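*Asks:* Pasting my_file.cif here (mmCIF, C-alpha atoms and all ligand atoms):
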data_work
loop_
_atom_site.group_PDB
_atom_site.id
_atom_site.type_symbol
_atom_site.label_atom_id
_atom_site.label_comp_id
_atom_site.auth_asym_id
_atom_site.auth_seq_id
_atom_site.Cartn_x
_atom_site.Cartn_y
_atom_site.Cartn_z
ATOM 1 C CA MET A 1 245.993 -17.751 126.508
ATOM 2 C CA ASP A 2 246.841 -19.086 129.964
ATOM 3 C CA PRO A 3 244.592 -17.925 132.823
ATOM 4 C CA ARG A 4 246.559 -19.711 135.584
ATOM 5 C CA PRO A 5 247.819 -17.385 138.331
ATOM 6 C CA ILE A 6 251.297 -16.010 138.926
ATOM 7 C CA GLY A 7 252.649 -17.013 142.336
ATOM 8 C CA ILE A 8 254.616 -14.347 144.169
ATOM 9 C CA PHE A 9 256.211 -14.858 147.555
ATOM 10 C CA ASP A 10 258.136 -12.855 150.108
ATOM 11 C CA SER A 11 259.117 -13.043 153.760
ATOM 12 C CA GLY A 12 256.175 -10.781 154.541
ATOM 13 C CA ILE A 13 254.319 -7.886 153.052
ATOM 14 C CA GLY A 14 257.307 -5.960 151.624
ATOM 15 C CA GLY A 15 257.054 -8.053 148.443
ATOM 16 C CA LEU A 16 253.768 -6.283 147.784
ATOM 17 C CA THR A 17 255.860 -3.520 146.181
ATOM 18 C CA VAL A 18 256.794 -6.094 143.534
ATOM 19 C CA ALA A 19 253.231 -7.517 143.349
ATOM 20 C CA LYS A 20 251.957 -3.988 142.765
ATOM 21 C CA ALA A 21 254.375 -3.450 139.864
ATOM 22 C CA VAL A 22 253.401 -6.852 138.408
ATOM 23 C CA GLY A 23 249.683 -6.031 138.718
ATOM 24 C CA GLU A 24 250.188 -2.721 136.927
ATOM 25 C CA ARG A 25 252.378 -4.168 134.168
ATOM 26 C CA LEU A 26 250.159 -7.238 133.656
ATOM 27 C CA PRO A 27 246.578 -6.218 134.511
ATOM 28 C CA ASN A 28 245.047 -9.429 133.056
ATOM 29 C CA GLU A 29 247.080 -11.697 135.307
ATOM 30 C CA ARG A 30 245.779 -13.154 138.554
ATOM 31 C CA ILE A 31 248.234 -12.960 141.457
ATOM 32 C CA MET A 32 248.576 -15.557 144.205
ATOM 33 C CA TYR A 33 250.713 -13.860 146.842
ATOM 34 C CA PHE A 34 252.201 -15.561 149.878
ATOM 35 C CA GLY A 35 253.836 -13.540 152.675
ATOM 36 C CA ASP A 36 255.660 -15.699 155.208
ATOM 37 C CA THR A 37 254.923 -13.340 158.080
ATOM 38 C CA ALA A 38 255.429 -16.184 160.579
ATOM 39 C CA HIS A 39 259.162 -16.161 159.748
ATOM 40 C CA LEU A 40 259.774 -12.495 159.024
ATOM 41 C CA PRO A 41 262.443 -11.133 158.676
ATOM 42 C CA TYR A 42 264.363 -13.386 156.269
ATOM 43 C CA GLY A 43 267.198 -10.863 156.169
ATOM 44 C CA ASP A 44 268.738 -12.221 159.378
ATOM 45 C CA LYS A 45 267.990 -15.928 158.782
ATOM 46 C CA SER A 46 270.393 -18.642 157.637
ATOM 47 C CA GLN A 47 270.436 -19.829 154.049
ATOM 48 C CA THR A 48 269.253 -23.285 155.164
ATOM 49 C CA ALA A 49 266.197 -21.897 156.937
ATOM 50 C CA ILE A 50 265.223 -19.666 153.998
ATOM 51 C CA GLN A 51 265.612 -22.572 151.581
ATOM 52 C CA ALA A 52 263.296 -24.755 153.685
ATOM 53 C CA TYR A 53 260.641 -22.011 153.918
ATOM 54 C CA SER A 54 260.878 -21.315 150.180
ATOM 55 C CA ILE A 55 260.348 -24.937 149.139
ATOM 56 C CA LYS A 56 257.296 -25.269 151.353
ATOM 57 C CA ILE A 57 255.796 -22.078 149.931
ATOM 58 C CA CYS A 58 256.496 -23.271 146.375
ATOM 59 C CA ASN A 59 254.582 -26.473 147.095
ATOM 60 C CA LEU A 60 251.556 -24.401 148.018
ATOM 61 C CA LEU A 61 251.869 -22.213 144.905
ATOM 62 C CA LEU A 62 252.240 -25.276 142.681
ATOM 63 C CA GLU A 63 249.218 -26.932 144.327
ATOM 64 C CA ARG A 64 247.346 -23.748 143.497
ATOM 65 C CA ASN A 65 248.288 -24.242 139.856
ATOM 66 C CA CYS A 66 250.625 -21.256 139.404
ATOM 67 C CA LYS A 67 252.204 -21.045 135.966
ATOM 68 C CA ALA A 68 255.111 -18.961 137.262
ATOM 69 C CA ILE A 69 256.697 -18.307 140.656
ATOM 70 C CA LEU A 70 258.382 -15.002 141.388
ATOM 71 C CA ILE A 71 260.562 -14.868 144.475
ATOM 72 C CA ALA A 72 259.756 -11.259 145.364
ATOM 73 C CA CYS A 73 262.276 -11.051 148.190
ATOM 74 C CA ASN A 74 265.937 -10.233 147.743
ATOM 75 C CA SER A 75 266.983 -12.298 150.747
ATOM 76 C CA ALA A 76 265.130 -15.394 149.468
ATOM 77 C CA SER A 77 266.309 -14.770 145.894
ATOM 78 C CA ALA A 78 269.879 -14.718 147.212
ATOM 79 C CA ALA A 79 269.492 -17.761 149.447
ATOM 80 C CA ALA A 80 267.133 -20.061 147.573
ATOM 81 C CA PHE A 81 266.695 -19.243 143.875
ATOM 82 C CA ASP A 82 268.935 -21.991 142.441
ATOM 83 C CA LEU A 83 267.389 -24.608 144.714
ATOM 84 C CA VAL A 84 263.824 -23.481 143.998
ATOM 85 C CA LYS A 85 264.451 -23.480 140.254
ATOM 86 C CA GLU A 86 265.782 -26.999 140.381
ATOM 87 C CA TYR A 87 262.955 -28.156 142.650
ATOM 88 C CA VAL A 88 260.178 -26.636 140.560
ATOM 89 C CA GLY A 89 261.713 -27.908 137.311
ATOM 90 C CA SER A 90 259.321 -27.776 134.383
ATOM 91 C CA ARG A 91 256.218 -27.357 136.569
ATOM 92 C CA ALA A 92 256.393 -23.528 136.456
ATOM 93 C CA LEU A 93 258.719 -20.741 135.366
ATOM 94 C CA VAL A 94 260.766 -19.391 138.268
ATOM 95 C CA PHE A 95 261.962 -15.789 138.605
ATOM 96 C CA ASN A 96 263.913 -13.830 141.173
ATOM 97 C CA VAL A 97 264.296 -10.120 141.832
ATOM 98 C CA ILE A 98 268.066 -10.042 141.320
ATOM 99 C CA ASP A 99 268.851 -11.252 137.784
ATOM 100 C CA PRO A 100 266.712 -8.706 135.855
ATOM 101 C CA VAL A 101 268.341 -5.867 137.813
ATOM 102 C CA VAL A 102 271.827 -7.220 137.302
ATOM 103 C CA GLN A 103 271.188 -7.398 133.555
ATOM 104 C CA PHE A 104 269.802 -3.864 133.517
ATOM 105 C CA VAL A 105 272.778 -2.482 135.434
ATOM 106 C CA ALA A 106 275.346 -4.333 133.319
ATOM 107 C CA GLN A 107 273.788 -2.833 130.181
ATOM 108 C CA GLU A 108 272.987 0.675 131.336
ATOM 109 C CA PHE A 109 275.970 1.364 133.602
ATOM 110 C CA ASN A 110 278.791 -0.310 131.763
ATOM 111 C CA GLY A 111 282.022 1.346 132.925
ATOM 112 C CA TYR A 112 280.434 3.055 135.957
ATOM 113 C CA SER A 113 280.748 2.228 139.632
ATOM 114 C CA ILE A 114 277.611 0.699 141.165
ATOM 115 C CA GLY A 115 276.425 0.482 144.780
ATOM 116 C CA LEU A 116 274.018 -1.903 146.502
ATOM 117 C CA ILE A 117 272.088 -1.722 149.756
ATOM 118 C CA GLY A 118 270.056 -4.594 151.214
ATOM 119 C CA THR A 119 269.669 -6.925 154.173
ATOM 120 C CA LYS A 120 272.624 -8.765 155.708
ATOM 121 C CA GLN A 121 271.524 -11.979 153.979
ATOM 122 C CA THR A 122 271.457 -10.350 150.542
ATOM 123 C CA VAL A 123 274.656 -8.331 150.857
ATOM 124 C CA ASN A 124 276.711 -11.035 152.590
ATOM 125 C CA SER A 125 275.637 -13.663 150.058
ATOM 126 C CA GLY A 126 277.672 -11.774 147.448
ATOM 127 C CA ILE A 127 275.129 -12.781 144.827
ATOM 128 C CA TYR A 128 274.846 -9.391 143.131
ATOM 129 C CA SER A 129 278.668 -9.234 142.794
ATOM 130 C CA SER A 130 278.958 -12.741 141.416
ATOM 131 C CA ARG A 131 276.091 -12.304 138.948
ATOM 132 C CA LEU A 132 277.569 -8.977 137.786
ATOM 133 C CA GLU A 133 281.028 -10.511 137.474
ATOM 134 C CA ALA A 134 279.554 -13.236 135.280
ATOM 135 C CA LEU A 135 278.489 -10.413 132.937
ATOM 136 C CA GLY A 136 281.988 -8.917 133.028
ATOM 137 C CA LYS A 137 281.263 -6.173 135.561
ATOM 138 C CA SER A 138 283.404 -6.189 138.708
ATOM 139 C CA GLY A 139 283.832 -3.871 141.711
ATOM 140 C CA LEU A 140 280.284 -3.656 143.121
ATOM 141 C CA LYS A 141 280.255 -1.525 146.282
ATOM 142 C CA SER A 142 277.799 -2.812 148.849
ATOM 143 C CA LEU A 143 276.552 -2.109 152.336
ATOM 144 C CA ALA A 144 274.146 -4.075 154.543
ATOM 145 C CA THR A 145 271.526 -1.672 155.878
ATOM 146 C CA PRO A 146 269.541 -3.833 158.330
ATOM 147 C CA LEU A 147 267.839 -0.955 160.127
ATOM 148 C CA LEU A 148 265.979 0.232 157.051
ATOM 149 C CA ALA A 149 263.359 -2.540 156.649
ATOM 150 C CA PRO A 150 262.103 -2.453 160.271
ATOM 151 C CA MET A 151 262.225 1.354 160.181
ATOM 152 C CA ILE A 152 259.925 1.401 157.150
ATOM 153 C CA GLU A 153 257.608 -1.224 158.638
ATOM 154 C CA GLU A 154 257.211 0.998 161.669
ATOM 155 C CA GLY A 155 256.126 3.810 159.375
ATOM 156 C CA PHE A 156 259.316 5.841 159.674
ATOM 157 C CA PHE A 157 259.840 7.211 156.201
ATOM 158 C CA ASN A 158 259.647 10.746 154.892
ATOM 159 C CA SER A 159 260.518 11.777 158.427
ATOM 160 C CA ARG A 160 263.469 13.334 160.228
ATOM 161 C CA ILE A 161 264.420 10.049 161.870
ATOM 162 C CA SER A 162 264.470 8.156 158.578
ATOM 163 C CA GLU A 163 266.433 10.965 156.949
ATOM 164 C CA GLU A 164 269.167 10.684 159.576
ATOM 165 C CA ILE A 165 269.394 6.904 159.349
ATOM 166 C CA ILE A 166 269.422 7.002 155.544
ATOM 167 C CA SER A 167 272.134 9.645 155.393
ATOM 168 C CA GLU A 168 274.229 7.792 157.996
ATOM 169 C CA TYR A 169 274.152 4.665 155.831
ATOM 170 C CA LEU A 170 274.579 6.355 152.448
ATOM 171 C CA SER A 171 277.540 8.424 153.594
ATOM 172 C CA HIS A 172 279.406 5.240 154.575
ATOM 173 C CA LYS A 173 282.747 4.961 152.795
ATOM 174 C CA SER A 174 281.745 1.612 151.230
ATOM 175 C CA LEU A 175 279.344 3.519 148.992
ATOM 176 C CA GLU A 176 281.670 6.328 147.939
ATOM 177 C CA GLU A 177 281.765 7.536 144.327
ATOM 178 C CA ILE A 178 278.999 5.472 142.815
ATOM 179 C CA ALA A 179 277.013 6.360 139.693
ATOM 180 C CA ALA A 180 273.990 4.217 140.553
ATOM 181 C CA LEU A 181 272.566 2.553 143.651
ATOM 182 C CA ILE A 182 270.567 -0.691 143.540
ATOM 183 C CA LEU A 183 267.747 -0.823 146.080
ATOM 184 C CA GLY A 184 268.246 -4.492 146.945
ATOM 185 C CA CYS A 185 265.309 -4.953 149.313
ATOM 186 C CA THR A 186 261.564 -5.090 148.810
ATOM 187 C CA HIS A 187 260.944 -2.294 151.290
ATOM 188 C CA TYR A 188 263.206 0.332 149.817
ATOM 189 C CA PRO A 189 260.940 1.694 147.048
ATOM 190 C CA LEU A 190 259.134 3.412 149.931
ATOM 191 C CA ILE A 191 262.233 5.457 150.752
ATOM 192 C CA LYS A 192 263.337 6.032 147.145
ATOM 193 C CA LYS A 193 262.247 9.670 147.311
ATOM 194 C CA GLN A 194 264.369 10.277 150.386
ATOM 195 C CA ILE A 195 267.339 8.478 148.847
ATOM 196 C CA ASP A 196 266.915 10.535 145.664
ATOM 197 C CA ALA A 197 266.851 13.663 147.811
ATOM 198 C CA TYR A 198 270.047 12.620 149.587
ATOM 199 C CA TYR A 199 271.892 12.212 146.276
ATOM 200 C CA ALA A 200 270.280 15.278 144.682
ATOM 201 C CA GLY A 201 270.392 13.798 141.170
ATOM 202 C CA LYS A 202 274.084 12.791 141.316
ATOM 203 C CA VAL A 203 273.344 9.077 141.643
ATOM 204 C CA GLU A 204 270.719 7.059 139.737
ATOM 205 C CA VAL A 205 268.598 5.173 142.274
ATOM 206 C CA ILE A 206 267.329 1.860 140.870
ATOM 207 C CA ASP A 207 263.910 0.599 141.957
ATOM 208 C CA SER A 208 264.000 -3.063 141.014
ATOM 209 C CA SER A 209 260.238 -3.712 141.197
ATOM 210 C CA LEU A 210 259.550 -2.110 137.786
ATOM 211 C CA ILE A 211 262.486 -3.840 136.112
ATOM 212 C CA VAL A 212 261.416 -7.208 137.553
ATOM 213 C CA ALA A 213 257.784 -6.801 136.457
ATOM 214 C CA ASP A 214 258.935 -5.956 132.954
ATOM 215 C CA ALA A 215 261.265 -8.973 132.746
ATOM 216 C CA LEU A 216 258.460 -11.240 133.997
ATOM 217 C CA ALA A 217 256.053 -9.875 131.378
ATOM 218 C CA LYS A 218 258.556 -10.413 128.555
ATOM 219 C CA SER A 219 259.339 -13.949 129.622
ATOM 220 C CA LEU A 220 255.658 -14.929 129.955
ATOM 221 C CA GLU A 221 255.078 -13.573 126.483
ATOM 222 C CA GLU A 222 258.056 -15.452 125.027
ATOM 223 C CA ASN A 223 256.760 -18.651 126.607
ATOM 224 C CA SER A 224 253.156 -18.050 125.422
ATOM 225 C CA LEU A 225 252.003 -17.994 129.037
ATOM 226 C CA LEU A 226 250.271 -14.624 129.100
ATOM 227 C CA ASN A 227 246.583 -14.418 129.882
ATOM 228 C CA THR A 228 245.308 -12.552 126.868
ATOM 229 C CA GLY A 229 241.684 -12.549 128.057
ATOM 230 C CA LYS A 230 240.209 -10.802 131.088
ATOM 231 C CA MET A 231 241.412 -11.860 134.518
ATOM 232 C CA GLN A 232 239.332 -14.735 135.872
ATOM 233 C CA GLY A 233 238.680 -14.782 139.619
ATOM 234 C CA ARG A 234 240.561 -12.439 141.923
ATOM 235 C CA HIS A 235 243.981 -11.957 143.455
ATOM 236 C CA HIS A 236 244.714 -13.755 146.723
ATOM 237 C CA PHE A 237 247.045 -12.480 149.411
ATOM 238 C CA PHE A 238 247.949 -15.214 151.906
ATOM 239 C CA VAL A 239 250.014 -14.802 155.052
ATOM 240 C CA SER A 240 251.392 -17.463 157.393
ATOM 241 C CA ASP A 241 250.646 -15.335 160.464
ATOM 242 C CA TYR A 242 247.812 -12.833 160.464
ATOM 243 C CA THR A 243 247.794 -9.642 162.509
ATOM 244 C CA GLU A 244 245.787 -6.479 162.033
ATOM 245 C CA SER A 245 249.023 -4.569 161.910
ATOM 246 C CA PHE A 246 250.204 -6.553 158.845
ATOM 247 C CA GLU A 247 246.866 -5.915 157.170
ATOM 248 C CA HIS A 248 247.077 -2.244 158.008
ATOM 249 C CA SER A 249 250.576 -2.013 156.488
ATOM 250 C CA THR A 250 249.487 -3.481 153.145
ATOM 251 C CA LYS A 251 248.403 0.005 152.127
ATOM 252 C CA LEU A 252 251.973 1.259 152.493
ATOM 253 C CA PHE A 253 253.403 -1.381 150.196
ATOM 254 C CA PHE A 254 250.555 -1.995 147.731
ATOM 255 C CA GLY A 255 249.076 1.478 147.590
ATOM 256 C CA GLU A 256 245.648 0.230 148.662
ATOM 257 C CA ALA A 257 244.416 -1.701 151.682
ATOM 258 C CA LEU A 258 244.150 -5.459 151.097
ATOM 259 C CA ASN A 259 242.390 -8.303 152.843
ATOM 260 C CA LEU A 260 245.021 -10.745 154.019
ATOM 261 C CA GLU A 261 243.974 -14.399 154.217
ATOM 262 C CA TYR A 262 245.580 -16.531 156.887
ATOM 263 C CA TYR A 263 246.971 -19.767 155.459
ATOM 264 C CA HIS A 264 248.054 -22.464 157.870
ATOM 265 C CA LEU A 265 251.327 -23.566 156.295
ATOM 266 C CA TRP A 266 253.476 -24.234 159.358
ATOM 267 C CA GLU A 267 252.863 -26.671 162.239
HETATM 268 N N1 LIG B 301 261.844 -9.015 151.837
HETATM 269 C C1 LIG B 301 263.172 -8.841 152.393
HETATM 270 C C2 LIG B 301 264.167 -8.544 151.280
HETATM 271 O O1 LIG B 301 263.822 -8.097 150.200
HETATM 272 C C3 LIG B 301 263.206 -7.750 153.445
HETATM 273 C C4 LIG B 301 262.535 -8.114 154.731
HETATM 274 C C5 LIG B 301 263.159 -9.304 155.407
HETATM 275 O O2 LIG B 301 264.313 -9.242 155.872
HETATM 276 O O3 LIG B 301 262.483 -10.327 155.458
HETATM 277 O O4 LIG B 301 265.336 -8.755 151.463
#
Using structure tokens, write down the structure that the file contains.
Ligand code: DGL
*Replies:*
Amino acid sequence: MDPRPIGIFDSGIGGLTVAKAVGERLPNERIMYFGDTAHLPYGDKSQTAIQAYSIKICNLLLERNCKAILIACNSASAAAFDLVKEYVGSRALVFNVIDPVVQFVAQEFNGYSIGLIGTKQTVNSGIYSSRLEALGKSGLKSLATPLLAPMIEEGFFNSRISEEIISEYLSHKSLEEIAALILGCTHYPLIKKQIDAYYAGKVEVIDSSLIVADALAKSLEENSLLNTGKMQGRHHFFVSDYTESFEHSTKLFFGEALNLEYYHLWE
């Protein structure tokens, strides 16, 4: 039994969709969440900047004795996973939100055409394509959809405006004739219903948060790192820049309102 917390980080509060799935899948585990709201959004940042932010956040999570670190942000997973894994070494297990989904898709949709939507950073990095190609699956169809994350943060989902933006993106020729669509951004589970409605059952829409939480649980078990007893202490949700509006939005992403704790990480 290992009661140490699981560190989860994201560019902001969108990663709470992943934290929520982890909390539900692993109710005995304590979560130490860090949202880098001072640098949000990561989706438009350079790889170098995201790598620097990620290393600094990992230092905090390691200082706080995390047994595992989950990069709960597609943009940071694309830009910094290899570096973070090397940096953390044997001090903690490191996970990203891309590899479990790639494995799922390669298994479940072998022989079918797959689509991906995400931030510019994620899509332009080509990481989903290269990881899929390594598993023998080529021809990923992808489209950067940078308007979606800010739209969701502003509360525009399940509305006429969001429906128009979603259908404009999804009807783009880059996403033609796909059997499944990967939601490659932390925010998109909130518009899954609308995306499902757009495709009317013709395309399988893949919410990565559940797949990631499951992969994390299996790996912790394999490595004898699960907390088999009751959770000790409580979850913490740190942010690098506190505003009431961020705190208010936690309900959207986590399903319940959270107290965000300001953590002074940047000079
Ligand atoms: N968390 C980011 C992602 O999953 C979306 C928000 C951002 O651009 O920072 O790509």
*Asks:* Using all atoms listed in the file, which residue out of A:Gln194, A:Asn110, A:Ser171, A:Thr17 lies closest to A:Glu133?
*Replies:* A:Asn110
*Asks:* Residues within 7 Å of ligand LIG 301 (chain B), counting all atoms listed in the file: report them as a PyMOL selection string.
*Replies:* chain A and resi 10-12+14-15+40-44+73-76+118-119+122+149+184-187
*Asks:* Which residues, written as a ChimeraX atom specification, have at least one atom at most 9 Å from A:Leu140, with only C-alpha atoms counted and residues fewer than 4 positions away on the same chain left out?
*Replies:* /A:113-116,128-129,132-133
*Asks:* Applied to the shown file, which residues does the PyMOL selection byres (((chain A and resi 252) around 12) and not hetatm) return, written as a ChimeraX atom specification?
*Replies:* /A:13-17,20,152-157,187-191,245-251,253-258
*Asks:* Give as a ChimeraX atom specification the residues that the PyMOL selection byres (((chain A and resi 216-219) around 10) and not hetatm) matches when applied to the coordinates above.
*Replies:* /A:6,22,25-26,29,68-70,93-97,100,210-215,220-226
*Asks:* With 4 Å of padding per side, what axis-aligned box (centre and edge lengths, Å, one decimal) covers all the listed atoms of stretch 97-113 of chain A? Give it as JSON.
*Replies:*
{"center_x": 273.2, "center_y": -4.1, "center_z": 136.0, "size_x": 25.7, "size_y": 22.3, "size_z": 19.7}
